[in-house]
$ cat query22.cif   # mmCIF, C-alpha atoms
data_final
#
loop_
_atom_site.label_atom_id
_atom_site.label_comp_id
_atom_site.auth_asym_id
_atom_site.auth_seq_id
_atom_site.Cartn_x
_atom_site.Cartn_y
_atom_site.Cartn_z
CA MET A 13 -69.66 46.45 5.42
CA ARG A 14 -66.22 46.09 3.88
CA PHE A 15 -64.76 45.17 0.53
CA ALA A 16 -61.33 43.91 -0.43
CA ALA A 17 -58.69 45.23 -2.78
CA ILE A 18 -55.94 42.90 -3.96
CA TYR A 19 -52.57 44.41 -4.79
CA ARG A 20 -49.30 43.02 -6.10
CA ILE A 21 -46.37 44.63 -4.31
CA ARG A 22 -42.83 44.31 -5.58
CA CYS A 23 -40.34 44.38 -2.70
CA LYS A 24 -37.93 42.34 -0.58
CA SER A 25 -39.46 39.80 1.79
CA ASP A 26 -38.31 41.68 4.88
CA GLU A 27 -40.13 44.82 3.65
CA ILE A 28 -43.55 43.41 2.78
CA ALA A 29 -45.17 43.68 6.22
CA ARG A 30 -44.31 47.37 6.46
CA LYS A 31 -45.29 48.10 2.86
CA ALA A 32 -48.61 46.29 3.15
CA GLU A 33 -49.53 48.16 6.32
CA ALA A 34 -48.51 51.47 4.75
CA LEU A 35 -50.68 50.66 1.71
CA ALA A 36 -53.70 49.92 3.93
CA ILE A 37 -53.29 53.25 5.68
CA GLU A 38 -52.63 55.20 2.47
CA GLN A 39 -55.78 53.92 0.80
CA SER A 40 -57.99 54.65 3.79
CA VAL A 41 -56.95 57.50 6.12
CA GLU A 42 -53.52 58.50 4.72
CA MET A 43 -52.15 59.77 8.03
CA PRO A 44 -50.30 58.31 11.02
CA LEU A 45 -52.60 56.17 13.14
CA ALA A 46 -51.07 57.69 16.25
CA ALA A 47 -52.58 61.03 15.22
CA ILE A 48 -56.14 59.62 15.11
CA ASP A 49 -58.17 59.63 18.32
CA ASP A 50 -61.63 58.85 16.91
CA GLY A 51 -62.68 55.30 17.79
CA PHE A 52 -64.99 54.86 14.80
CA VAL A 53 -62.25 55.84 12.36
CA LEU A 54 -59.73 53.52 14.00
CA ASP A 55 -62.13 50.57 14.25
CA GLU A 56 -64.07 50.88 10.99
CA VAL A 57 -62.39 53.17 8.47
CA VAL A 58 -58.70 52.27 8.66
CA GLY A 59 -57.71 49.69 6.05
CA ARG A 60 -56.79 46.23 7.28
CA VAL A 61 -54.16 43.88 5.89
CA GLU A 62 -56.05 40.59 5.63
CA SER A 63 -53.44 38.41 3.98
CA VAL A 64 -50.08 38.43 2.23
CA GLU A 65 -48.97 35.65 -0.13
CA ASP A 66 -45.73 35.18 -2.02
CA GLY A 67 -46.55 35.96 -5.65
CA GLY A 68 -43.19 34.84 -7.03
CA GLY A 69 -40.62 36.90 -8.86
CA GLY A 70 -40.04 39.19 -5.90
CA THR A 71 -43.71 40.16 -5.58
CA PHE A 72 -46.37 39.62 -2.93
CA ARG A 73 -50.14 39.38 -3.41
CA THR A 74 -51.68 41.48 -0.66
CA ARG A 75 -55.37 41.55 0.30
CA ILE A 76 -56.54 44.68 2.11
CA SER A 77 -60.09 45.28 3.31
CA LEU A 78 -61.56 48.77 3.16
CA ALA A 79 -64.76 50.30 4.53
CA ALA A 80 -67.49 50.26 1.88
CA ALA A 81 -68.79 53.62 3.10
CA THR A 82 -65.55 55.27 1.96
CA ALA A 83 -66.39 54.48 -1.69
CA GLY A 84 -69.34 56.87 -1.55
CA ASP A 85 -71.43 54.89 -4.09
CA GLU A 86 -69.61 56.75 -6.89
CA ALA A 87 -67.30 55.43 -9.60
CA GLY A 88 -64.53 58.00 -9.20
CA GLN A 89 -64.40 57.71 -5.46
CA LEU A 90 -64.39 53.92 -5.62
CA LEU A 91 -61.34 54.10 -7.90
CA ASN A 92 -59.77 56.68 -5.58
CA VAL A 93 -60.21 54.42 -2.56
CA LEU A 94 -58.90 51.43 -4.48
CA PHE A 95 -55.81 52.99 -5.97
CA GLY A 96 -55.73 56.80 -5.75
CA ASN A 97 -52.51 57.73 -3.95
CA SER A 98 -50.94 54.31 -4.27
CA SER A 99 -51.00 54.48 -8.07
CA LEU A 100 -48.06 56.84 -7.62
CA HIS A 101 -45.93 53.99 -6.25
CA ASP A 102 -44.33 52.17 -9.18
CA ASP A 103 -43.93 48.98 -7.13
CA VAL A 104 -47.69 48.51 -6.57
CA THR A 105 -50.30 47.14 -9.01
CA LEU A 106 -54.03 46.91 -8.35
CA GLU A 107 -54.99 43.36 -9.36
CA ASP A 108 -58.55 42.71 -8.25
CA VAL A 109 -61.45 43.80 -6.08
CA GLU A 110 -63.97 41.73 -4.12
CA MET A 111 -67.27 43.46 -3.34
CA PRO A 112 -70.34 42.26 -1.40
CA PRO A 113 -73.71 42.23 -3.21
CA ASP A 114 -75.03 45.27 -1.34
CA LEU A 115 -72.11 47.39 -2.57
CA LEU A 116 -72.32 46.00 -6.10
CA ALA A 117 -75.98 46.97 -6.23
CA THR A 118 -75.13 50.66 -5.79
CA PHE A 119 -73.52 50.66 -9.26
CA CYS A 120 -75.50 50.16 -12.45
CA GLY A 121 -73.67 47.35 -14.26
CA PRO A 122 -74.62 46.44 -17.84
CA ALA A 123 -78.21 47.27 -18.76
CA ALA A 124 -78.41 44.95 -21.76
CA GLY A 125 -75.62 42.48 -21.15
CA ILE A 126 -74.84 39.58 -23.45
CA GLY A 127 -78.46 38.58 -23.95
CA GLY A 128 -79.60 42.14 -24.65
CA LEU A 129 -76.91 42.73 -27.26
CA ARG A 130 -77.95 39.55 -29.06
CA LYS A 131 -81.64 40.45 -28.85
CA ARG A 132 -81.04 43.87 -30.43
CA VAL A 133 -79.89 42.21 -33.65
CA GLY A 134 -81.86 38.95 -33.47
CA ALA A 135 -78.68 36.92 -33.36
CA GLY A 136 -79.79 33.86 -31.42
CA GLN A 137 -76.84 32.13 -29.73
CA ARG A 138 -74.09 32.78 -32.25
CA ALA A 139 -71.15 35.13 -31.79
CA LEU A 140 -71.76 38.74 -32.81
CA THR A 141 -69.97 40.72 -35.52
CA CYS A 142 -68.73 44.30 -35.40
CA SER A 143 -66.62 46.74 -37.40
CA ALA A 144 -65.59 50.40 -37.30
CA ILE A 145 -65.93 53.31 -39.71
CA LYS A 146 -62.66 55.16 -40.20
CA PRO A 147 -60.25 56.88 -40.65
CA GLN A 148 -60.91 60.20 -38.99
CA GLY A 149 -60.75 63.03 -41.49
CA LEU A 150 -63.60 61.67 -43.63
CA SER A 151 -66.79 63.69 -44.11
CA PRO A 152 -70.16 62.61 -42.66
CA ASP A 153 -71.24 61.47 -46.13
CA ALA A 154 -68.12 59.34 -46.59
CA LEU A 155 -68.57 57.76 -43.16
CA ALA A 156 -72.24 57.16 -43.91
CA ASP A 157 -71.26 55.38 -47.13
CA LEU A 158 -69.02 53.02 -45.15
CA THR A 159 -71.85 52.44 -42.67
CA PHE A 160 -74.21 51.60 -45.52
CA ARG A 161 -71.80 49.15 -47.13
CA PHE A 162 -71.03 47.42 -43.83
CA ALA A 163 -74.76 47.11 -43.15
CA LEU A 164 -75.41 45.69 -46.63
CA GLY A 165 -73.04 42.89 -45.64
CA GLY A 166 -75.30 42.03 -42.70
CA ILE A 167 -72.97 43.02 -39.87
CA ASP A 168 -74.50 43.28 -36.39
CA TYR A 169 -72.83 46.43 -35.08
CA VAL A 170 -70.94 49.12 -36.98
CA LYS A 171 -69.37 51.68 -34.70
CA ASP A 172 -67.59 54.98 -35.00
CA ASP A 173 -63.87 54.67 -34.56
CA HIS A 174 -63.10 55.85 -31.04
CA ASN A 175 -61.19 58.91 -32.28
CA LEU A 176 -64.24 60.28 -34.11
CA ALA A 177 -65.41 63.00 -31.75
CA ASP A 178 -66.95 66.35 -32.67
CA GLN A 179 -64.29 67.48 -35.15
CA ALA A 180 -65.05 70.15 -37.73
CA TYR A 181 -64.71 67.72 -40.66
CA ALA A 182 -67.37 65.38 -39.20
CA PRO A 183 -69.41 67.08 -36.45
CA PHE A 184 -71.17 64.64 -34.15
CA ALA A 185 -74.73 65.67 -34.98
CA GLU A 186 -74.17 65.62 -38.76
CA ARG A 187 -72.23 62.36 -38.66
CA VAL A 188 -74.80 60.56 -36.51
CA LYS A 189 -77.73 61.73 -38.61
CA ALA A 190 -76.03 60.59 -41.84
CA CYS A 191 -74.77 57.24 -40.51
CA ALA A 192 -78.02 56.37 -38.75
CA ALA A 193 -79.93 57.04 -41.97
CA ALA A 194 -77.46 54.89 -43.91
CA ALA A 195 -77.92 51.98 -41.48
CA ARG A 196 -81.71 52.30 -41.72
CA LYS A 197 -81.56 52.35 -45.52
CA ALA A 198 -79.42 49.23 -45.65
CA SER A 199 -81.60 47.43 -43.12
CA ALA A 200 -84.67 48.21 -45.23
CA GLU A 201 -82.95 46.48 -48.14
CA THR A 202 -81.53 43.47 -46.29
CA GLY A 203 -84.04 42.98 -43.46
CA TRP A 204 -81.10 42.74 -41.05
CA PRO A 205 -81.24 45.17 -38.04
CA THR A 206 -77.65 46.42 -38.13
CA ARG A 207 -76.96 48.79 -35.23
CA TYR A 208 -74.95 51.95 -35.90
CA VAL A 209 -73.00 52.88 -32.76
CA PRO A 210 -71.81 56.50 -32.43
CA SER A 211 -68.85 57.42 -30.24
CA LEU A 212 -69.48 59.79 -27.32
CA SER A 213 -66.92 62.42 -26.36
CA GLY A 214 -66.48 65.59 -24.32
CA ASN A 215 -67.61 66.68 -20.87
CA LEU A 216 -70.76 65.50 -19.11
CA ASP A 217 -72.94 68.20 -20.69
CA ALA A 218 -71.68 67.23 -24.15
CA LEU A 219 -72.20 63.53 -23.44
CA ARG A 220 -75.81 64.15 -22.45
CA ARG A 221 -76.45 66.20 -25.59
CA GLN A 222 -74.94 63.49 -27.74
CA VAL A 223 -77.02 60.76 -26.12
CA GLN A 224 -80.14 62.79 -26.93
CA ILE A 225 -79.03 63.23 -30.55
CA ALA A 226 -78.58 59.46 -30.78
CA ARG A 227 -82.03 58.91 -29.27
CA ASP A 228 -83.59 61.28 -31.76
CA GLU A 229 -82.15 59.09 -34.53
CA GLY A 230 -83.63 55.96 -32.98
CA LEU A 231 -80.28 54.52 -31.85
CA ASP A 232 -80.00 52.25 -28.82
CA THR A 233 -76.28 51.39 -28.64
CA LEU A 234 -73.40 53.78 -27.94
CA LEU A 235 -69.61 53.68 -27.85
CA ALA A 236 -67.70 55.27 -24.96
CA VAL A 237 -64.05 55.53 -23.94
CA PRO A 238 -64.35 55.48 -20.14
CA MET A 239 -60.73 56.34 -19.37
CA VAL A 240 -60.86 59.38 -21.69
CA ILE A 241 -64.27 60.83 -20.78
CA GLY A 242 -63.79 59.81 -17.15
CA LEU A 243 -65.21 56.86 -15.24
CA PRO A 244 -67.58 59.03 -13.16
CA ALA A 245 -69.01 60.69 -16.28
CA PHE A 246 -69.37 57.34 -18.03
CA HIS A 247 -71.08 55.77 -15.04
CA THR A 248 -73.45 58.74 -14.78
CA VAL A 249 -74.46 58.53 -18.44
CA ALA A 250 -74.90 54.77 -18.28
CA ARG A 251 -77.02 55.02 -15.14
CA GLU A 252 -79.17 57.79 -16.65
CA ASN A 253 -79.86 55.74 -19.79
CA PRO A 254 -80.75 52.18 -18.73
CA ASP A 255 -82.38 51.47 -22.10
CA MET A 256 -79.11 52.11 -23.95
CA ALA A 257 -76.34 49.55 -24.41
CA PHE A 258 -72.74 50.73 -24.12
CA ILE A 259 -69.66 49.35 -25.85
CA ALA A 260 -66.44 50.45 -24.13
CA HIS A 261 -63.18 51.16 -25.92
CA PRO A 262 -59.90 50.59 -23.99
CA ALA A 263 -57.98 53.74 -25.06
CA MET A 264 -55.88 55.08 -22.15
CA ALA A 265 -56.57 51.93 -20.13
CA GLY A 266 -52.87 51.13 -20.24
CA ALA A 267 -51.88 54.39 -18.58
CA ALA A 268 -52.35 53.12 -15.01
CA ARG A 269 -51.00 50.10 -13.15
CA ILE A 270 -54.38 48.44 -12.86
CA ALA A 271 -54.42 44.87 -14.12
CA PRO A 272 -56.30 44.78 -17.48
CA PRO A 273 -58.65 41.95 -16.41
CA LEU A 274 -59.77 44.05 -13.44
CA LEU A 275 -60.04 47.40 -15.24
CA LEU A 276 -61.53 46.19 -18.51
CA GLY A 277 -63.29 43.00 -17.50
CA LYS A 278 -64.59 44.04 -14.10
CA LEU A 279 -64.61 47.79 -13.39
CA PHE A 280 -65.80 48.84 -16.87
CA ARG A 281 -68.55 46.24 -16.48
CA LEU A 282 -69.44 47.47 -12.98
CA PHE A 283 -69.88 51.04 -14.24
CA GLY A 284 -72.26 50.12 -17.05
CA THR A 285 -70.45 48.53 -19.99
CA ASP A 286 -72.34 45.87 -21.94
CA ALA A 287 -69.48 44.97 -24.30
CA ILE A 288 -65.77 45.49 -23.69
CA ILE A 289 -63.28 45.99 -26.52
CA PHE A 290 -59.74 44.83 -25.78
CA PRO A 291 -56.71 43.78 -27.85
CA HIS A 292 -56.60 40.07 -28.65
CA HIS A 293 -53.15 38.54 -28.38
CA GLY A 294 -51.17 38.29 -31.57
CA GLY A 295 -52.55 41.54 -33.00
CA ARG A 296 -51.20 45.10 -32.86
CA PHE A 297 -50.89 45.16 -29.07
CA GLY A 298 -49.01 43.23 -26.43
CA HIS A 299 -51.57 41.45 -24.24
CA SER A 300 -50.71 37.82 -23.59
CA ALA A 301 -53.12 34.95 -24.18
CA ALA A 302 -53.49 34.56 -20.41
CA THR A 303 -54.42 38.23 -19.98
CA CYS A 304 -56.98 38.05 -22.80
CA ALA A 305 -58.54 34.92 -21.30
CA ALA A 306 -58.71 36.61 -17.89
CA ILE A 307 -60.40 39.72 -19.32
CA ALA A 308 -63.07 37.58 -20.98
CA LYS A 309 -63.53 35.49 -17.85
CA MET A 310 -64.02 38.54 -15.62
CA ALA A 311 -66.42 40.11 -18.12
CA ARG A 312 -68.66 37.02 -18.16
CA ALA A 313 -68.26 35.56 -14.67
CA PRO A 314 -71.25 35.57 -12.27
CA TRP A 315 -70.90 38.64 -10.04
CA GLY A 316 -73.82 39.17 -7.69
CA PRO A 317 -76.53 41.30 -9.31
CA ILE A 318 -74.23 42.60 -12.07
CA GLU A 319 -75.15 41.40 -15.58
CA ARG A 320 -72.52 39.66 -17.67
CA ALA A 321 -70.71 41.73 -20.30
CA MET A 322 -69.62 40.56 -23.74
CA PRO A 323 -65.89 40.44 -24.57
CA VAL A 324 -64.93 42.10 -27.87
CA PRO A 325 -61.45 40.95 -28.98
CA ALA A 326 -59.97 43.35 -31.52
CA GLY A 327 -56.77 45.07 -32.60
CA GLY A 328 -55.64 44.03 -36.08
CA MET A 329 -57.88 40.96 -36.44
CA THR A 330 -58.37 39.31 -39.83
CA LEU A 331 -60.77 36.73 -41.26
CA ASP A 332 -58.16 33.98 -41.24
CA ARG A 333 -58.12 34.13 -37.41
CA LEU A 334 -61.87 33.64 -36.88
CA ASP A 335 -61.69 29.95 -36.05
CA GLU A 336 -58.86 30.55 -33.59
CA ILE A 337 -60.71 33.45 -31.93
CA LEU A 338 -63.93 31.48 -31.48
CA LYS A 339 -62.05 28.48 -30.11
CA PHE A 340 -60.35 30.78 -27.62
CA TYR A 341 -63.40 32.76 -26.44
CA GLY A 342 -66.48 30.70 -27.35
CA ARG A 343 -69.58 32.18 -28.94
CA ASP A 344 -70.48 34.57 -26.10
CA THR A 345 -68.23 36.99 -27.95
CA MET A 346 -68.45 39.95 -30.33
CA ILE A 347 -65.66 39.84 -32.91
CA LEU A 348 -64.42 43.22 -34.14
CA ILE A 349 -62.58 43.46 -37.45
CA GLY A 350 -61.95 46.97 -38.77
CA GLY A 351 -59.02 47.53 -41.11
CA GLY A 352 -59.09 43.88 -42.16
CA LEU A 353 -62.47 44.52 -43.80
CA LEU A 354 -61.89 48.10 -44.92
CA ALA A 355 -58.89 46.90 -46.92
CA ALA A 356 -61.38 45.26 -49.29
CA ARG A 357 -62.31 48.76 -50.54
CA GLU A 358 -64.98 48.42 -53.28
CA ARG A 359 -65.66 44.84 -52.13
CA LEU A 360 -66.40 45.93 -48.55
CA SER A 361 -69.98 44.63 -48.52
CA GLU A 362 -68.96 41.28 -49.98
CA GLU A 363 -66.08 40.84 -47.53
CA THR A 364 -68.36 41.82 -44.64
CA ALA A 365 -70.91 39.24 -45.75
CA ARG A 366 -68.15 36.62 -45.79
CA PHE A 367 -67.16 37.65 -42.25
CA VAL A 368 -70.77 37.38 -41.06
CA SER A 369 -71.28 34.01 -42.73
CA GLN A 370 -68.10 32.50 -41.34
CA VAL A 371 -68.87 33.66 -37.79
CA ALA A 372 -72.36 32.17 -37.99
CA GLU A 373 -71.04 28.84 -39.30
CA LEU A 374 -68.15 28.59 -36.84
CA SER A 375 -70.44 29.47 -33.91
CA LYS A 376 -72.36 26.23 -34.45
CA GLU A 377 -69.30 24.29 -33.37
CA ARG A 378 -68.48 26.33 -30.27
CA PRO A 379 -69.82 26.36 -26.71
CA ASP A 380 -70.86 29.67 -25.14
CA GLU A 381 -67.49 29.83 -23.41
CA PRO A 382 -64.36 27.67 -23.69
CA GLU A 383 -63.98 24.86 -21.18
#
$ encode --input "query22.cif" --output "structure tokens"
Amino acid sequence: MRFAAIYRIRCKSDEIARKAEALAIEQSVEMPLAAIDDGFVLDEVVGRVESVEDGGGGTFRTRISLAAATAGDEAGQLLNVLFGNSSLHDDVTLEDVEMPPDLLATFCGPAAGIGGLRKRVGAGQRALTCSAIKPQGLSPDALADLTFRFALGGIDYVKDDHNLADQAYAPFAERVKACAAAARKASAETGWPTRYVPSLSGNLDALRRQVQIARDEGLDTLLAVPMVIGLPAFHTVARENPDMAFIAHPAMAGAARIAPPLLLGKLFRLFGTDAIIFPHHGGRFGHSAATCAAIAKMARAPWGPIERAMPVPAGGMTLDRLDEILKFYGRDTMILIGGGLLAARERLSEETARFVSQVAELSKERPDEPE
């Protein structure tokens, strides 16, 4: 069984054959073929250049097949086989991966997926709403107060900001206990099942302790930053907790030359992400409209046994962009507005309620996904 990695190589046309072959060897056996005398390795393990197409602009789209056994059924090793050594070459970008169903099935994929995230908050078929408690530096009580006021506004998910970890001013256990209680209190008043979503951080032992703390508070949705805590650790935690939903934050995802649609929309999903935060174009970050559309498409596209994941456009969004965002992504989307709501200060609950109401109304006019 083999799978395919697709790379974009920047080079002159008379160099591409050599570079493609070198890439196939580097990502499989990383040694001269003449030095290998094992028939199985030569026939089955060595990477194969399957095709090379002109990608325009002095680049070539190169498809290389690799032995599935080399991935070892483990997230870190899969990434290593896909792009380990070759990530050091600044003229190579990893663009996509094609995997057969049997290999896909060895990874966990989303446990809840789009349908499960909606079911958690009784949202029907509309788009979901989300915000973040911040800034870091606030006490657990102050963060809990923000959670309470967001929840009073009827928001679906209110998450920790991704840089809330286990800092002395808001230790994880104290923060989660306070914010979970605040969400429960608000839900008792409104009847709306707002989910508080704590952010996991630290090594694998710490992640496991934090998941248990969240469980003890009755929480069922968690935030993770896969590129910070490590893809293998994230995949392990997701696989160990199939009843939990995971929202992934993209911090550090821009530090490697892996195409954002593949890394965020496909690999994060493969390793257990139910909802994927990424910067919508026109906000604080530089993704193009085409890149954003491709991330959402890869997150939601049929992919063997892997559940669909929900795109979460974010990054400086405001209420006046809601119609545009829903036209762009459709209602199979979770819209994240943080600072744009927090700026309302004492009117936070009212502004959140307006956000929730507008999303519900605009969702009636939108298909699940854009045509």
$ closest_atom_pairs --input "query22.cif" --of "stretch 147-235 of chain A" --to "stretch 349-352 of chain A" --cutoff "12 Å" --atoms "only C-alpha atoms" --output "Markdown table"
| residue | atom | partner | partner_atom | distance |
| --- | --- | --- | --- | --- |
| A:Pro147 | CA | A:Gly351 | CA | 9.4 |
| A:Leu158 | CA | A:Gly350 | CA | 11.3 |
| A:Thr159 | CA | A:Gly350 | CA | 12.0 |
| A:Phe162 | CA | A:Gly350 | CA | 10.4 |
| A:Ile167 | CA | A:Ile349 | CA | 10.7 |
| A:Asp168 | CA | A:Ile349 | CA | 12.0 |
| A:Tyr169 | CA | A:Ile349 | CA | 10.9 |
| A:Val170 | CA | A:Gly350 | CA | 9.4 |
| A:Lys171 | CA | A:Gly350 | CA | 9.7 |
| A:Asp172 | CA | A:Gly350 | CA | 10.5 |
| A:Asp173 | CA | A:Gly350 | CA | 9.0 |
| A:His174 | CA | A:Gly350 | CA | 11.8 |
$ resolve_selection --input "query22.cif" --expression "the PyMOL selection byres ((chain A and resi 255) around 12)" --output "PyMOL selection string"
chain A and resi 120+122-125+128-129+132+223+227+230-234+249-254+256-258+284+286
$ resolve_selection --input "query22.cif" --expression "the PyMOL selection byres ((chain A and resi 348) around 9)" --output "ChimeraX atom specification"
/A:140-144,289,324-327,329,346-347,349-350
$ residues_around --input "query22.cif" --residues "stretch 261-267 of chain A" --least-positions-apart "4" --cutoff "7 Å" --atoms "only C-alpha atoms" --output "JSON, numbers by chain"
{"A": [174, 236, 237, 239, 240, 288, 289, 290]}
$ axis_aligned_box --input "query22.cif" --around "stretch 82-87 of chain A" --padding-each-side "6 Å" --output "AutoDock Vina command-line options"
--center_x -68.5 --center_y 55.7 --center_z -3.8 --size_x 17.9 --size_y 14.4 --size_z 23.6
$ atom_distance --input "query22.cif" --atom1 "atom CA of A:Val41" --atom2 "atom CA of A:Glu62"
16.9 Å
$ atom_distance --input "query22.cif" --atom1 "atom CA of A:Glu373" --atom2 "atom CA of A:His292"
21.2 Å
$ atom_distance --input "query22.cif" --atom1 "atom CA of A:Pro314" --atom2 "atom CA of A:Arg343"
17.1 Å
$ resolve_selection --input "query22.cif" --expression "the PyMOL selection byres ((chain A and resi 83-85) around 12)" --output "count of residues only"
36
$ residues_near_point --input "query22.cif" --point "(-58.1, 29.2, -32.0)" --cutoff "12 Å" --atoms "all atoms listed in the file" --output "short mmCIF file (atom, residue, chain, number, x, y, z; two decimals) with C-alpha atoms, in the coordinates of the input"
data_model
loop_
_atom_site.label_atom_id
_atom_site.label_comp_id
_atom_site.auth_asym_id
_atom_site.auth_seq_id
_atom_site.Cartn_x
_atom_site.Cartn_y
_atom_site.Cartn_z
CA HIS A 292 -56.60 40.07 -28.65
CA HIS A 293 -53.15 38.54 -28.38
CA GLY A 294 -51.17 38.29 -31.57
CA ALA A 301 -53.12 34.95 -24.18
CA ASP A 332 -58.16 33.98 -41.24
CA ARG A 333 -58.12 34.13 -37.41
CA LEU A 334 -61.87 33.64 -36.88
CA ASP A 335 -61.69 29.95 -36.05
CA GLU A 336 -58.86 30.55 -33.59
CA ILE A 337 -60.71 33.45 -31.93
CA LEU A 338 -63.93 31.48 -31.48
CA LYS A 339 -62.05 28.48 -30.11
CA PHE A 340 -60.35 30.78 -27.62
CA TYR A 341 -63.40 32.76 -26.44
CA GLY A 342 -66.48 30.70 -27.35
CA LEU A 374 -68.15 28.59 -36.84
CA ARG A 378 -68.48 26.33 -30.27
CA PRO A 382 -64.36 27.67 -23.69
#
$ residues_near_point --input "query22.cif" --point "(-51.4, 50.5, -8.7)" --cutoff "10 Å" --atoms "only C-alpha atoms" --output "list in words"
Tyr19, Arg20, Ile21, Leu94, Phe95, Gly96, Asn97, Ser98, Ser99, Leu100, His101, Asp102, Asp103, Val104, Thr105, Leu106, Glu107, Ala268, Arg269, Ile270 and Ala271 of chain A
$ closest_residue --input "query22.cif" --among "A:Thr345, A:Lys146, A:Arg221, A:Gly67" --to "A:Gly127" --atoms "only C-alpha atoms"
A:Thr345
